>>> print(open('my_file.cif').read())   # mmCIF, C-alpha atoms
data_query
loop_
_atom_site.label_atom_id
_atom_site.label_comp_id
_atom_site.auth_asym_id
_atom_site.auth_seq_id
_atom_site.Cartn_x
_atom_site.Cartn_y
_atom_site.Cartn_z
CA MET B 163 91.26 90.57 107.74
CA LYS B 164 93.15 91.58 110.86
CA LEU B 165 92.34 90.98 114.52
CA VAL B 166 94.15 93.12 117.09
CA VAL B 167 93.81 92.31 120.80
CA ILE B 168 94.87 95.01 123.30
CA ARG B 169 96.85 93.27 126.04
CA THR B 170 97.97 96.22 128.20
CA GLY B 171 97.54 99.99 128.18
CA SER B 172 95.39 102.00 125.79
CA ALA B 173 95.60 103.69 122.39
CA ILE B 174 93.66 105.76 119.88
CA LEU B 175 92.68 103.85 116.73
CA TYR B 176 92.52 105.87 113.51
CA SER B 177 90.72 104.72 110.36
CA GLN B 178 88.71 106.25 107.53
CA PHE B 179 85.76 106.06 109.92
CA GLY B 180 87.30 108.36 112.49
CA GLN B 181 88.99 107.88 115.88
CA ARG B 182 88.15 105.31 118.51
CA PRO B 183 89.77 104.79 121.93
CA VAL B 184 90.79 101.21 122.71
CA THR B 185 92.04 99.83 125.99
CA ILE B 186 93.03 96.61 127.72
CA GLY B 187 90.43 93.91 127.08
CA ASP B 188 89.36 95.33 123.72
CA ALA B 189 89.83 93.68 120.33
CA VAL B 190 89.62 95.39 116.94
CA LEU B 191 88.47 93.51 113.85
CA LEU B 192 89.57 95.17 110.60
CA CYS B 193 88.18 94.01 107.28
CA SER B 194 90.62 93.50 104.45
CA ASN B 195 91.82 96.70 102.81
CA THR B 196 90.67 98.92 105.66
CA LEU B 197 93.51 101.33 106.32
CA SER B 198 94.15 102.10 109.97
CA ALA B 199 96.78 103.31 112.40
CA ALA B 200 97.08 103.56 116.16
CA GLU B 201 98.72 105.96 118.58
CA ALA B 202 99.62 104.46 121.95
CA GLU B 203 98.82 106.35 125.12
CA GLY B 204 101.89 105.47 127.14
CA ASP B 205 102.79 101.79 127.20
CA CYS B 206 100.52 99.62 125.08
CA MET B 207 101.00 95.99 124.07
CA PHE B 208 98.82 94.14 121.59
CA SER B 209 98.68 90.88 119.65
CA ALA B 210 97.70 90.86 115.96
CA ILE B 211 96.38 87.94 113.92
CA TYR B 212 96.18 88.21 110.11
CA ILE B 213 93.44 86.11 108.52
CA ASP B 214 93.47 85.40 104.79
CA THR B 215 90.22 85.92 102.89
CA ASP B 216 90.34 82.44 101.36
CA TYR B 217 90.83 80.98 104.83
CA ILE B 218 87.62 82.68 105.98
CA ILE B 219 85.79 81.12 103.03
CA ASP B 220 87.05 77.70 104.11
CA HIS B 221 85.80 78.37 107.64
CA VAL B 222 82.35 79.26 106.40
CA PHE B 223 82.22 76.23 104.11
CA TRP B 224 83.10 73.72 106.81
CA LYS B 225 80.90 75.45 109.40
CA HIS B 226 77.89 75.08 107.06
CA ALA B 227 79.01 71.95 105.21
CA GLY B 228 75.56 70.43 105.70
CA LEU B 229 73.97 73.26 103.71
CA LEU B 230 76.64 74.33 101.21
CA SER B 231 77.70 72.20 98.27
CA ASP B 232 81.14 73.75 97.67
CA ARG B 233 83.35 76.74 98.41
CA PHE B 234 81.68 78.77 95.67
CA ASP B 235 78.49 78.55 97.71
CA ALA B 236 80.45 79.71 100.77
CA GLN B 237 81.86 82.65 98.84
CA GLU B 238 78.37 83.59 97.64
CA LEU B 239 77.04 83.38 101.21
CA ILE B 240 79.80 85.69 102.48
CA GLY B 241 79.01 88.11 99.66
CA ARG B 242 75.44 88.44 100.96
CA LEU B 243 76.46 89.33 104.52
CA TYR B 244 77.03 92.84 105.81
CA LEU B 245 79.52 93.88 108.47
CA GLU B 246 81.28 97.00 109.65
CA PRO B 247 84.77 97.50 108.18
CA VAL B 248 86.01 98.28 111.71
CA GLN B 249 84.46 96.51 114.68
CA LEU B 250 85.45 97.18 118.28
CA LEU B 251 84.89 94.06 120.38
CA HIS B 252 84.76 94.51 124.15
CA LEU B 253 86.20 91.21 125.36
CA GLY B 254 86.72 92.28 128.95
CA ILE B 255 89.46 91.23 131.33
CA GLN B 256 88.03 87.74 131.91
CA ARG B 257 87.97 86.79 128.22
CA LEU B 258 91.38 88.41 127.71
CA ALA B 259 92.84 86.29 130.49
CA GLN B 260 91.30 83.23 128.82
CA ILE B 261 92.92 83.82 125.42
CA ALA B 262 96.18 85.54 126.51
CA PRO B 263 98.20 82.30 126.85
CA LEU B 264 96.76 81.10 123.54
CA LEU B 265 97.91 84.29 121.82
CA ASP B 266 101.39 83.95 123.33
CA GLU B 267 101.76 80.36 122.17
CA LEU B 268 100.40 81.20 118.72
CA ALA B 269 102.93 84.03 118.38
CA SER B 270 105.74 81.71 119.45
CA LEU B 271 104.79 78.96 117.00
CA THR B 272 104.48 81.31 114.02
CA LYS B 273 107.88 82.98 114.43
CA GLY B 274 109.71 80.32 112.44
CA CYS B 275 109.09 78.83 109.01
CA ARG B 276 108.40 75.17 109.91
CA TYR B 277 104.63 75.56 109.71
CA ALA B 278 103.96 72.01 108.53
CA GLU B 279 105.29 70.52 111.77
CA LYS B 280 103.22 72.91 113.91
CA PHE B 281 100.15 73.12 111.69
CA ASN B 282 97.71 71.18 113.88
CA ARG B 283 98.62 73.07 117.04
CA ILE B 284 98.43 76.44 115.26
CA GLN B 285 94.97 75.54 113.94
CA ALA B 286 93.86 74.39 117.39
CA LEU B 287 95.00 77.64 119.01
CA TRP B 288 93.23 79.75 116.40
CA PHE B 289 89.95 77.84 116.83
CA LEU B 290 90.14 78.27 120.61
CA ILE B 291 90.64 82.03 120.17
CA ALA B 292 87.88 82.26 117.54
CA ASP B 293 85.52 80.38 119.86
CA VAL B 294 85.86 83.20 122.40
CA ILE B 295 85.80 86.13 119.98
CA SER B 296 83.38 85.13 117.20
CA PRO B 297 80.15 85.48 119.29
CA LEU B 298 80.97 89.19 119.65
CA ILE B 299 81.31 89.83 115.89
CA LYS B 300 78.18 91.40 114.41
CA VAL B 301 77.14 90.26 110.94
CA SER B 302 73.74 90.90 109.38
CA PRO B 303 71.88 89.69 106.27
CA VAL B 304 70.67 93.24 105.63
CA ARG B 305 72.44 96.60 105.85
CA LEU B 306 71.89 98.04 109.32
CA SER B 307 74.08 101.12 108.96
CA ARG B 308 75.41 103.18 106.07
CA SER B 309 79.02 102.21 106.73
CA GLN B 310 78.44 98.46 106.47
CA ARG B 311 80.02 96.80 103.45
CA GLU B 312 78.68 93.87 101.50
CA ARG B 313 82.03 92.55 100.32
CA LEU B 314 85.63 92.69 101.51
CA ARG B 315 87.22 94.00 98.34
CA PRO B 316 89.53 93.61 96.64
CA ALA B 317 90.46 90.09 97.77
CA MET B 318 94.07 89.30 98.56
CA PRO B 319 96.01 87.17 96.06
CA ARG B 320 95.39 83.47 96.51
CA HIS B 321 99.07 82.53 96.72
CA ARG B 322 101.10 84.69 99.09
CA ARG B 323 104.52 84.20 100.61
CA PHE B 324 104.88 85.16 104.25
CA VAL B 325 108.34 86.74 104.19
CA PRO B 326 109.87 89.94 105.62
CA LEU B 327 109.00 93.06 103.63
CA ARG B 328 111.64 94.05 101.13
CA SER B 329 113.09 97.53 101.51
CA GLU B 330 112.06 98.42 97.95
CA ALA B 331 108.39 97.75 98.75
CA MET B 332 108.54 99.77 101.97
CA ARG B 333 110.24 102.66 100.17
CA ALA B 334 107.60 102.68 97.44
CA ALA B 335 104.83 102.66 100.04
CA GLU B 336 106.47 105.66 101.74
CA LEU B 337 106.58 107.51 98.43
CA LEU B 338 102.89 106.86 97.82
CA ARG B 339 101.92 107.92 101.33
CA GLY B 340 104.02 111.07 100.99
CA ASP B 341 102.21 112.34 97.89
CA VAL B 342 98.85 110.67 97.31
CA ALA B 343 97.74 113.32 94.82
CA ARG B 344 100.59 112.65 92.41
CA HIS B 345 99.75 110.66 89.29
CA TRP B 346 102.16 107.84 90.02
CA THR B 347 102.88 105.11 87.50
CA VAL B 348 104.37 101.71 88.17
CA ARG B 349 107.36 102.62 86.01
CA GLU B 350 108.05 105.80 88.01
CA LEU B 351 107.94 103.93 91.29
CA ALA B 352 110.14 101.15 89.91
CA VAL B 353 112.78 103.69 88.88
CA GLN B 354 112.68 105.24 92.35
CA VAL B 355 113.48 101.90 94.03
CA HIS B 356 115.89 100.71 91.30
CA LEU B 357 113.91 97.71 90.07
CA SER B 358 112.41 96.81 86.71
CA ALA B 359 108.68 97.50 86.44
CA PRO B 360 107.66 93.78 86.35
CA GLN B 361 109.94 92.90 89.26
CA PHE B 362 108.75 95.87 91.29
CA SER B 363 105.08 94.97 90.73
CA ARG B 364 105.75 91.42 91.95
CA VAL B 365 107.75 92.56 95.00
CA PHE B 366 105.10 95.13 96.01
CA ALA B 367 102.18 92.71 95.58
CA GLU B 368 103.96 90.08 97.68
CA ALA B 369 104.54 92.65 100.42
CA TYR B 370 101.17 94.39 100.54
CA GLY B 371 98.77 91.97 98.86
CA LYS B 372 97.78 94.42 96.13
CA THR B 373 99.25 96.32 93.20
CA PRO B 374 100.92 99.71 93.80
CA ILE B 375 98.03 101.51 92.09
CA ALA B 376 95.44 99.66 94.20
CA TYR B 377 97.43 100.64 97.28
CA LEU B 378 97.45 104.27 96.11
CA THR B 379 93.69 104.09 95.66
CA MET B 380 93.30 103.02 99.28
CA LEU B 381 95.52 105.87 100.45
CA ARG B 382 93.45 108.36 98.47
CA ILE B 383 90.23 107.00 99.94
CA GLU B 384 91.65 107.32 103.45
CA GLU B 385 92.76 110.92 102.83
CA LEU B 386 89.47 111.83 101.15
CA ALA B 387 87.58 110.43 104.14
CA ARG B 388 89.73 112.52 106.49
CA LEU B 389 89.04 115.68 104.49
CA LEU B 390 85.32 114.97 104.50
CA ARG B 391 85.35 114.43 108.27
CA GLU B 392 87.65 117.22 109.36
CA THR B 393 87.26 120.11 106.89
CA HIS B 394 84.62 122.21 105.15
CA LEU B 395 86.10 121.61 101.68
CA PRO B 396 83.38 120.97 99.10
CA VAL B 397 83.24 117.33 98.04
CA GLU B 398 84.49 118.21 94.55
CA ALA B 399 87.48 120.12 95.96
CA ALA B 400 88.31 117.30 98.37
CA ILE B 401 88.26 114.80 95.51
CA GLU B 402 90.66 116.93 93.49
CA GLU B 403 92.85 117.40 96.56
CA VAL B 404 93.62 113.68 96.68
CA GLY B 405 94.45 113.49 92.98
CA TRP B 406 91.22 112.45 91.27
CA HIS B 407 89.77 114.61 88.50
CA SER B 408 86.76 112.47 87.60
CA MET B 409 83.94 113.06 90.06
CA GLY B 410 81.99 110.02 88.88
CA TYR B 411 84.96 107.67 89.16
CA ALA B 412 85.88 108.95 92.63
CA ILE B 413 82.33 108.47 93.90
CA ARG B 414 82.16 104.91 92.53
CA VAL B 415 85.49 103.90 94.05
CA PHE B 416 84.76 105.55 97.42
CA ARG B 417 81.39 103.87 97.63
CA ALA B 418 82.87 100.47 96.72
CA TYR B 419 85.37 100.67 99.57
CA VAL B 420 83.49 102.61 102.24
CA GLY B 421 79.92 101.56 101.53
CA MET B 422 78.48 105.05 100.95
CA THR B 423 79.02 108.06 98.70
CA PRO B 424 81.33 110.91 99.79
CA GLY B 425 78.31 113.17 100.34
CA VAL B 426 76.56 110.71 102.63
CA TYR B 427 79.83 110.01 104.43
CA ARG B 428 80.29 113.74 105.15
CA ARG B 429 76.76 114.11 106.50
CA THR B 430 77.27 111.05 108.69
CA TYR B 431 80.74 111.68 110.12
CA ASN B 432 81.64 115.36 109.76
CA THR B 433 81.85 117.01 113.20
CA VAL B 434 83.49 120.31 112.23
CA VAL B 435 81.52 123.24 113.58
#
>>> encode(input="my_file.cif", output="structure tokens")
Amino acid sequence: MKLVVIRTGSAILYSQFGQRPVTIGDAVLLCSNTLSAAEAEGDCMFSAIYIDTDYIIDHVFWKHAGLLSDRFDAQELIGRLYLEPVQLLHLGIQRLAQIAPLLDELASLTKGCRYAEKFNRIQALWFLIADVISPLIKVSPVRLSRSQRERLRPAMPRHRRFVPLRSEAMRAAELLRGDVARHWTVRELAVQVHLSAPQFSRVFAEAYGKTPIAYLTMLRIEELARLLRETHLPVEAAIEEVGWHSMGYAIRVFRAYVGMTPGVYRRTYNTVV
């Protein structure tokens, strides 16, 4: 998951669920594997916190330790909760002023690699920030809207190294974004970035938390959602446009990620006259 706090200025947030304006005092909560981008309107500064899925499970377990027997129970509980893939939290200037110094200190402490020495302070800062933000996050035991998702899928790998992105991974991601309809294979991508297929798969997964093909699937879902929102293309044509030729498969994958079928998504979000 990703939490973005707007510190100054304003921007337009883009996701598969459309466009949303954000401004100073707003925070955006993005579920794992929700593709998004932002376009600043003039000067805009923000702070971003990345939260591992397993870490969230630990939070839930210790928060409800009196009721849950182990982390498997916590994982099952999370699986029964519904939440929007993109939530806009209106913190306001007062709450922003309260957490701004905490965000600055957290950013400073996490620049280096000596996490063990700073672990307790980093945890303390995060809990202070979460204490302010968590009451604004909406979670429900039943689906309240069509876009709500039951699970944050697929989960990130359990063991990840927090290191700068390698140029080979970034280049491969650019290739995938540049031609989502192409039937890419891991071997083709590996050749393009001059790595062996096994090494490339490892490098890409370490960088983006998912395999190249899973990443391509997300890109296709994002582009399909855009076509459904912004064009009159029939659903079948839009699915073929992003590179899928099996209608049934495309519908299953889209529903797993977005929480509704392409047809329902179009009826809900299409605003083209």
>>> atom_distance(input="my_file.cif", atom1="atom CA of Ile299 of chain B", atom2="atom CA of Leu251 of chain B")
7.1 Å
>>> closest_residue(input="my_file.cif", among="B:Ile261, B:Ala286, B:Ile174, B:Ile218", to="Ala200 of chain B", atoms="all atoms listed in the file")
B:Ile174
>>> resolve_selection(input="my_file.cif", expression="the PyMOL selection byres ((chain B and resi 171) around 6)", output="list of chain:residue names")
B:Thr170, B:Ser172, B:Thr185, B:Ile186, B:Asp205, B:Cys206
>>> resolve_selection(input="my_file.cif", expression="the PyMOL selection byres ((chain B and resi 376) around 12)", output="list in words")
Asn195, Arg315, Pro316, Ala317, Met318, Ala335, Leu338, Val342, Trp346, Thr347, Val348, Ser363, Phe366, Ala367, Tyr370, Gly371, Lys372, Thr373, Pro374, Ile375, Tyr377, Leu378, Thr379, Met380, Leu381, Arg382, Ile383, Val415 and Tyr419 of chain B
>>> atom_distance(input="my_file.cif", atom1="atom CA of Ala331 of chain B", atom2="atom CA of His356 of chain B")
11.0 Å
>>> resolve_selection(input="my_file.cif", expression="the PyMOL selection byres ((chain B and resi 291) around 12)", output="PDB file with C-alpha atoms, in the frame of the given file")
ATOM      1  CA  LEU B 165      92.340  90.980 114.520  1.00  0.00           C
ATOM      2  CA  VAL B 167      93.810  92.310 120.800  1.00  0.00           C
ATOM      3  CA  ALA B 189      89.830  93.680 120.330  1.00  0.00           C
ATOM      4  CA  SER B 209      98.680  90.880 119.650  1.00  0.00           C
ATOM      5  CA  ILE B 211      96.380  87.940 113.920  1.00  0.00           C
ATOM      6  CA  LEU B 253      86.200  91.210 125.360  1.00  0.00           C
ATOM      7  CA  ARG B 257      87.970  86.790 128.220  1.00  0.00           C
ATOM      8  CA  LEU B 258      91.380  88.410 127.710  1.00  0.00           C
ATOM      9  CA  ALA B 259      92.840  86.290 130.490  1.00  0.00           C
ATOM     10  CA  GLN B 260      91.300  83.230 128.820  1.00  0.00           C
ATOM     11  CA  ILE B 261      92.920  83.820 125.420  1.00  0.00           C
ATOM     12  CA  ALA B 262      96.180  85.540 126.510  1.00  0.00           C
ATOM     13  CA  PRO B 263      98.200  82.300 126.850  1.00  0.00           C
ATOM     14  CA  LEU B 264      96.760  81.100 123.540  1.00  0.00           C
ATOM     15  CA  LEU B 265      97.910  84.290 121.820  1.00  0.00           C
ATOM     16  CA  ASP B 266     101.390  83.950 123.330  1.00  0.00           C
ATOM     17  CA  GLU B 267     101.760  80.360 122.170  1.00  0.00           C
ATOM     18  CA  LEU B 268     100.400  81.200 118.720  1.00  0.00           C
ATOM     19  CA  ILE B 284      98.430  76.440 115.260  1.00  0.00           C
ATOM     20  CA  GLN B 285      94.970  75.540 113.940  1.00  0.00           C
ATOM     21  CA  ALA B 286      93.860  74.390 117.390  1.00  0.00           C
ATOM     22  CA  LEU B 287      95.000  77.640 119.010  1.00  0.00           C
ATOM     23  CA  TRP B 288      93.230  79.750 116.400  1.00  0.00           C
ATOM     24  CA  PHE B 289      89.950  77.840 116.830  1.00  0.00           C
ATOM     25  CA  LEU B 290      90.140  78.270 120.610  1.00  0.00           C
ATOM     26  CA  ALA B 292      87.880  82.260 117.540  1.00  0.00           C
ATOM     27  CA  ASP B 293      85.520  80.380 119.860  1.00  0.00           C
ATOM     28  CA  VAL B 294      85.860  83.200 122.400  1.00  0.00           C
ATOM     29  CA  ILE B 295      85.800  86.130 119.980  1.00  0.00           C
ATOM     30  CA  SER B 296      83.380  85.130 117.200  1.00  0.00           C
ATOM     31  CA  PRO B 297      80.150  85.480 119.290  1.00  0.00           C
TER      32      PRO B 297
END
>>> closest_residue(input="my_file.cif", among="B:His407, B:Ala236, B:Val397, B:Leu337", to="Thr423 of chain B", atoms="all atoms listed in the file")
B:Val397
>>> closest_residue(input="my_file.cif", among="B:Glu279, B:Asp214, B:Asp341, B:Glu385", to="Tyr176 of chain B", atoms="only C-alpha atoms")
B:Glu385
